[in-house]
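Visitor: What follows is the file upload.cif, containing mmCIF, C-alpha atoms:
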data_final
#
loop_
_atom_site.group_PDB
_atom_site.id
_atom_site.type_symbol
_atom_site.label_atom_id
_atom_site.label_comp_id
_atom_site.auth_asym_id
_atom_site.auth_seq_id
_atom_site.Cartn_x
_atom_site.Cartn_y
_atom_site.Cartn_z
ATOM 1 C CA MET A 1 -2.714 13.951 -21.712
ATOM 2 C CA LYS A 2 0.374 12.081 -22.879
ATOM 3 C CA LEU A 3 1.708 9.349 -20.637
ATOM 4 C CA PHE A 4 5.055 11.091 -20.180
ATOM 5 C CA ASP A 5 3.266 14.211 -18.926
ATOM 6 C CA ARG A 6 2.206 12.143 -15.911
ATOM 7 C CA ILE A 7 5.773 11.394 -14.776
ATOM 8 C CA PRO A 8 6.276 14.621 -12.748
ATOM 9 C CA GLU A 9 2.893 14.057 -11.048
ATOM 10 C CA LEU A 10 3.800 10.447 -10.254
ATOM 11 C CA VAL A 11 7.172 11.409 -8.811
ATOM 12 C CA LEU A 12 5.683 14.175 -6.673
ATOM 13 C CA GLN A 13 2.795 12.040 -5.381
ATOM 14 C CA PHE A 14 4.901 9.000 -4.545
ATOM 15 C CA ALA A 15 7.748 11.029 -3.011
ATOM 16 C CA MET A 16 5.217 12.679 -0.675
ATOM 17 C CA LEU A 17 3.550 9.340 0.098
ATOM 18 C CA SER A 18 6.904 7.776 0.925
ATOM 19 C CA MET A 19 7.425 10.370 3.648
ATOM 20 C CA LEU A 20 4.107 9.385 5.254
ATOM 21 C CA ALA A 21 4.467 5.617 4.935
ATOM 22 C CA PHE A 22 5.160 4.745 8.569
ATOM 23 C CA GLY A 23 4.733 0.995 8.699
ATOM 24 C CA GLY A 24 5.213 0.516 4.974
ATOM 25 C CA ALA A 25 3.364 1.329 1.797
ATOM 26 C CA ASN A 26 0.171 -0.312 3.026
ATOM 27 C CA SER A 27 -0.305 2.556 5.464
ATOM 28 C CA VAL A 28 -0.671 5.049 2.595
ATOM 29 C CA VAL A 29 -2.882 2.965 0.302
ATOM 30 C CA PRO A 30 -5.970 5.133 1.001
ATOM 31 C CA GLU A 31 -4.139 8.281 -0.117
ATOM 32 C CA MET A 32 -2.541 6.420 -3.025
ATOM 33 C CA HIS A 33 -6.050 5.335 -4.054
ATOM 34 C CA ARG A 34 -7.404 8.862 -3.686
ATOM 35 C CA GLN A 35 -4.653 10.268 -5.891
ATOM 36 C CA ALA A 36 -4.714 7.520 -8.538
ATOM 37 C CA VAL A 37 -8.489 7.037 -8.775
ATOM 38 C CA GLU A 38 -10.215 10.215 -7.638
ATOM 39 C CA ALA A 39 -7.734 13.054 -8.177
ATOM 40 C CA HIS A 40 -5.862 12.023 -11.338
ATOM 41 C CA HIS A 41 -8.230 9.384 -12.808
ATOM 42 C CA TRP A 42 -5.363 7.091 -13.783
ATOM 43 C CA MET A 43 -7.574 4.036 -13.102
ATOM 44 C CA SER A 44 -10.899 2.848 -11.688
ATOM 45 C CA ASP A 45 -11.650 1.528 -8.195
ATOM 46 C CA ARG A 46 -11.662 -2.048 -9.438
ATOM 47 C CA GLU A 47 -8.403 -1.625 -11.322
ATOM 48 C CA PHE A 48 -6.741 -0.230 -8.193
ATOM 49 C CA ALA A 49 -8.059 -3.123 -6.102
ATOM 50 C CA ALA A 50 -6.761 -5.608 -8.681
ATOM 51 C CA LEU A 51 -3.326 -3.978 -8.705
ATOM 52 C CA PHE A 52 -3.275 -4.023 -4.901
ATOM 53 C CA ALA A 53 -4.110 -7.738 -4.919
ATOM 54 C CA ILE A 54 -1.338 -8.449 -7.426
ATOM 55 C CA ALA A 55 1.156 -6.441 -5.369
ATOM 56 C CA GLN A 56 0.252 -8.331 -2.198
ATOM 57 C CA ALA A 57 0.320 -11.745 -3.865
ATOM 58 C CA ALA A 58 3.680 -11.201 -5.534
ATOM 59 C CA PRO A 59 6.882 -11.828 -3.626
ATOM 60 C CA GLY A 60 8.873 -8.764 -2.720
ATOM 61 C CA PRO A 61 8.407 -5.527 -0.834
ATOM 62 C CA ASN A 62 4.964 -4.203 0.010
ATOM 63 C CA PHE A 63 5.573 -0.976 -1.912
ATOM 64 C CA MET A 64 5.190 -2.897 -5.178
ATOM 65 C CA ILE A 65 1.738 -1.292 -5.379
ATOM 66 C CA ALA A 66 3.523 1.972 -6.226
ATOM 67 C CA THR A 67 5.258 0.283 -9.161
ATOM 68 C CA LEU A 68 1.968 -1.095 -10.471
ATOM 69 C CA VAL A 69 0.129 2.223 -10.105
ATOM 70 C CA GLY A 70 2.992 3.956 -11.924
ATOM 71 C CA TRP A 71 2.853 1.335 -14.680
ATOM 72 C CA LYS A 72 -0.925 1.766 -15.085
ATOM 73 C CA ALA A 73 -0.610 5.557 -15.133
ATOM 74 C CA ALA A 74 2.380 5.932 -17.465
ATOM 75 C CA GLY A 75 3.733 2.584 -18.643
ATOM 76 C CA LEU A 76 7.223 1.301 -17.919
ATOM 77 C CA THR A 77 8.651 4.779 -17.359
ATOM 78 C CA GLY A 78 5.884 5.478 -14.857
ATOM 79 C CA ALA A 79 6.601 2.212 -13.045
ATOM 80 C CA VAL A 80 10.283 3.086 -12.671
ATOM 81 C CA ALA A 81 9.538 6.683 -11.665
ATOM 82 C CA ALA A 82 6.954 5.693 -9.037
ATOM 83 C CA THR A 83 9.212 2.986 -7.610
ATOM 84 C CA LEU A 84 12.200 5.304 -7.296
ATOM 85 C CA ALA A 85 10.063 8.098 -5.844
ATOM 86 C CA MET A 86 8.438 5.754 -3.316
ATOM 87 C CA SER A 87 11.701 4.198 -2.174
ATOM 88 C CA GLY A 88 14.560 6.638 -2.819
ATOM 89 C CA LEU A 89 13.902 9.558 -0.499
ATOM 90 C CA SER A 90 12.434 7.422 2.270
ATOM 91 C CA CYS A 91 15.460 5.082 2.172
ATOM 92 C CA LEU A 92 17.822 8.005 2.672
ATOM 93 C CA LEU A 93 15.681 9.367 5.485
ATOM 94 C CA ALA A 94 15.390 5.931 7.124
ATOM 95 C CA TYR A 95 19.163 5.532 7.032
ATOM 96 C CA TRP A 96 19.660 8.867 8.776
ATOM 97 C CA VAL A 97 16.871 8.313 11.306
ATOM 98 C CA ALA A 98 18.146 4.813 12.152
ATOM 99 C CA LYS A 99 21.501 6.252 13.164
ATOM 100 C CA VAL A 100 19.842 8.809 15.458
ATOM 101 C CA TRP A 101 17.298 6.252 16.714
ATOM 102 C CA ASP A 102 19.989 3.793 17.780
ATOM 103 C CA ARG A 103 21.923 6.452 19.689
ATOM 104 C CA HIS A 104 18.898 7.434 21.801
ATOM 105 C CA GLN A 105 17.449 4.082 22.870
ATOM 106 C CA LYS A 106 16.497 5.248 26.386
ATOM 107 C CA ALA A 107 15.383 8.773 25.501
ATOM 108 C CA LEU A 108 11.849 9.714 26.527
ATOM 109 C CA TRP A 109 11.131 11.368 23.181
ATOM 110 C CA ARG A 110 11.954 8.104 21.386
ATOM 111 C CA ILE A 111 9.686 6.055 23.633
ATOM 112 C CA ALA A 112 6.854 8.572 23.226
ATOM 113 C CA LEU A 113 7.305 8.769 19.458
ATOM 114 C CA ALA A 114 7.312 4.978 19.066
ATOM 115 C CA GLY A 115 4.231 4.716 21.272
ATOM 116 C CA GLY A 116 2.401 7.349 19.231
ATOM 117 C CA LEU A 117 3.336 6.042 15.794
ATOM 118 C CA ALA A 118 2.272 2.447 16.467
ATOM 119 C CA PRO A 119 -1.494 3.128 16.730
ATOM 120 C CA VAL A 120 -1.370 5.567 13.815
ATOM 121 C CA THR A 121 0.271 2.907 11.653
ATOM 122 C CA VAL A 122 -2.295 0.282 12.670
ATOM 123 C CA GLY A 123 -5.102 2.717 11.861
ATOM 124 C CA LEU A 124 -3.665 3.561 8.451
ATOM 125 C CA VAL A 125 -3.203 -0.112 7.553
ATOM 126 C CA ALA A 126 -6.787 -0.827 8.724
ATOM 127 C CA ALA A 127 -8.025 2.034 6.518
ATOM 128 C CA SER A 128 -6.159 0.452 3.599
ATOM 129 C CA ALA A 129 -7.850 -2.879 4.241
ATOM 130 C CA TRP A 130 -11.261 -1.210 4.415
ATOM 131 C CA LEU A 131 -10.681 0.702 1.176
ATOM 132 C CA VAL A 132 -9.659 -2.386 -0.807
ATOM 133 C CA THR A 133 -12.492 -4.427 0.725
ATOM 134 C CA ARG A 134 -15.038 -1.762 -0.217
ATOM 135 C CA ALA A 135 -13.730 -1.561 -3.785
ATOM 136 C CA THR A 136 -13.926 -5.313 -4.407
ATOM 137 C CA ASN A 137 -17.037 -6.424 -2.543
ATOM 138 C CA SER A 138 -19.730 -5.290 -4.918
ATOM 139 C CA VAL A 139 -21.958 -8.330 -4.311
ATOM 140 C CA ALA A 140 -22.961 -10.221 -1.177
ATOM 141 C CA ARG A 141 -21.055 -13.398 -2.158
ATOM 142 C CA LEU A 142 -17.791 -11.496 -2.348
ATOM 143 C CA ALA A 143 -18.448 -9.690 0.915
ATOM 144 C CA SER A 144 -19.236 -13.022 2.593
ATOM 145 C CA MET A 145 -16.023 -14.513 1.269
ATOM 146 C CA THR A 146 -14.042 -11.540 2.556
ATOM 147 C CA ILE A 147 -15.602 -11.797 6.013
ATOM 148 C CA ALA A 148 -15.065 -15.570 6.167
ATOM 149 C CA THR A 149 -11.442 -15.215 5.076
ATOM 150 C CA GLY A 150 -10.837 -12.515 7.679
ATOM 151 C CA VAL A 151 -12.386 -14.605 10.446
ATOM 152 C CA VAL A 152 -10.375 -17.712 9.525
ATOM 153 C CA ALA A 153 -7.148 -15.703 9.236
ATOM 154 C CA TYR A 154 -7.750 -14.031 12.600
ATOM 155 C CA THR A 155 -8.873 -17.085 14.577
ATOM 156 C CA THR A 156 -6.526 -19.771 13.243
ATOM 157 C CA ARG A 157 -2.856 -20.213 12.504
ATOM 158 C CA LEU A 158 -3.629 -21.362 8.961
ATOM 159 C CA ASN A 159 -1.085 -20.188 6.429
ATOM 160 C CA PRO A 160 -2.674 -17.393 4.308
ATOM 161 C CA ILE A 161 -1.572 -19.128 1.112
ATOM 162 C CA TRP A 162 -4.269 -21.764 1.756
ATOM 163 C CA LEU A 163 -6.903 -19.049 2.078
ATOM 164 C CA LEU A 164 -5.726 -17.517 -1.194
ATOM 165 C CA ALA A 165 -5.820 -20.934 -2.853
ATOM 166 C CA ALA A 166 -9.332 -21.651 -1.556
ATOM 167 C CA CYS A 167 -10.667 -18.278 -2.702
ATOM 168 C CA GLY A 168 -8.949 -18.694 -6.058
ATOM 169 C CA ALA A 169 -10.534 -22.125 -6.470
ATOM 170 C CA LEU A 170 -13.965 -20.660 -5.682
ATOM 171 C CA GLY A 171 -13.409 -18.001 -8.312
ATOM 172 C CA LEU A 172 -12.132 -20.513 -10.850
ATOM 173 C CA ALA A 173 -15.192 -22.719 -10.248
ATOM 174 C CA GLY A 174 -17.413 -19.716 -10.919
ATOM 175 C CA ILE A 175 -18.924 -19.735 -7.424
ATOM 176 C CA VAL A 176 -17.876 -16.142 -6.745
#
For the file at hand, write its structure as structure tokens.

Guide:
Amino acid sequence: MKLFDRIPELVLQFAMLSMLAFGGANSVVPEMHRQAVEAHHWMSDREFAALFAIAQAAPGPNFMIATLVGWKAAGLTGAVAATLAMSGLSCLLAYWVAKVWDRHQKALWRIALAGGLAPVTVGLVAASAWLVTRATNSVARLASMTIATGVVAYTTRLNPIWLLAACGALGLAGIV
């Protein structure tokens, strides 16, 4: 299959994902993974996990993972197509919804909707974390490092950049 033949698939997949991304792109990472790795075979588990790590480490919006998946699947054109598909339609919808949302601040339907979407978003983001953790922790040392990092991040107010630096130093030293 030629790379340019993947563009319509990329646009369709990322446009649909953008409509489900309550709470940001991280909430649809499991489906993004399923499409990119299992359904279309654009990359392996490890490649997806590496792209996710790059997207999270880089400054900018959290939907950068879409750009990187598009790039891996179909080069520069794929990166542009996936980025526009992930952000374009959802930006227009968010603009429209924000206008309606602001007008109905005290409405019961708004309160109920916000209350229902919050736990769904947390669950989807947690599923994303689990998926990336599972893809990268192939040996006990890596799993231990992931658990330790999670515990330190959860129980302290330490800036995450120090955790990234420490884990990077362990990797550079060849310990993990």

Visitor: Applied to the shown file, which residues does the PyMOL selection byres ((chain A and resi 30-45) around 6) return, written as a count of residues only?

Guide: 8

Visitor: In terms of the shortest atom-to-atom distance over only C-alpha atoms, which of A:Leu163, A:Ile175, A:Met86, A:Ala107 is closest to A:Leu20?

Guide: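 Of the candidates, the smallest distance to A:Leu20 is held by A:Met86.
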
Visitor: Determine the nearest neighbour of A:Leu76 from the options A:Ile7, A:Val152, A:Met145, A:Met16, counting all atoms listed in the file.

Guide: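 Looking only at the distances to A:Leu76, the closest residue turns out to be A:Ile7.
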
Visitor: Would you pick out the contacts of A:Cys167 at 9 Å or less, using only C-alpha atoms, so that residues sharing its chain but fewer than 3 positions from it are not included, and give the list as a PDB file with C-alpha atoms, keeping the file's coordinate frame?

Guide:
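Now in out_32.pdb:
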ATOM      1  CA  MET A 145     -16.023 -14.513   1.269  1.00  0.00           C
ATOM      2  CA  THR A 149     -11.442 -15.215   5.076  1.00  0.00           C
ATOM      3  CA  TRP A 162      -4.269 -21.764   1.756  1.00  0.00           C
ATOM      4  CA  LEU A 163      -6.903 -19.049   2.078  1.00  0.00           C
ATOM      5  CA  LEU A 164      -5.726 -17.517  -1.194  1.00  0.00           C
ATOM      6  CA  LEU A 170     -13.965 -20.660  -5.682  1.00  0.00           C
ATOM      7  CA  GLY A 171     -13.409 -18.001  -8.312  1.00  0.00           C
ATOM      8  CA  LEU A 172     -12.132 -20.513 -10.850  1.00  0.00           C
ATOM      9  CA  VAL A 176     -17.876 -16.142  -6.745  1.00  0.00           C
TER      10      VAL A 176
END

Visitor: Given the file above and the PyMOL selection byres ((chain A and resi 81) around 9), which residues are selected, and can you give them as an mmCIF file with C-alpha atoms, in the coordinates of the input?

Guide:
data_model
loop_
_atom_site.group_PDB
_atom_site.id
_atom_site.type_symbol
_atom_site.label_atom_id
_atom_site.label_comp_id
_atom_site.auth_asym_id
_atom_site.auth_seq_id
_atom_site.Cartn_x
_atom_site.Cartn_y
_atom_site.Cartn_z
ATOM 1 C CA ILE A 7 5.773 11.394 -14.776
ATOM 2 C CA PRO A 8 6.276 14.621 -12.748
ATOM 3 C CA LEU A 10 3.800 10.447 -10.254
ATOM 4 C CA VAL A 11 7.172 11.409 -8.811
ATOM 5 C CA PHE A 14 4.901 9.000 -4.545
ATOM 6 C CA THR A 67 5.258 0.283 -9.161
ATOM 7 C CA GLY A 70 2.992 3.956 -11.924
ATOM 8 C CA LEU A 76 7.223 1.301 -17.919
ATOM 9 C CA THR A 77 8.651 4.779 -17.359
ATOM 10 C CA GLY A 78 5.884 5.478 -14.857
ATOM 11 C CA ALA A 79 6.601 2.212 -13.045
ATOM 12 C CA VAL A 80 10.283 3.086 -12.671
ATOM 13 C CA ALA A 82 6.954 5.693 -9.037
ATOM 14 C CA THR A 83 9.212 2.986 -7.610
ATOM 15 C CA LEU A 84 12.200 5.304 -7.296
ATOM 16 C CA ALA A 85 10.063 8.098 -5.844
ATOM 17 C CA MET A 86 8.438 5.754 -3.316
#
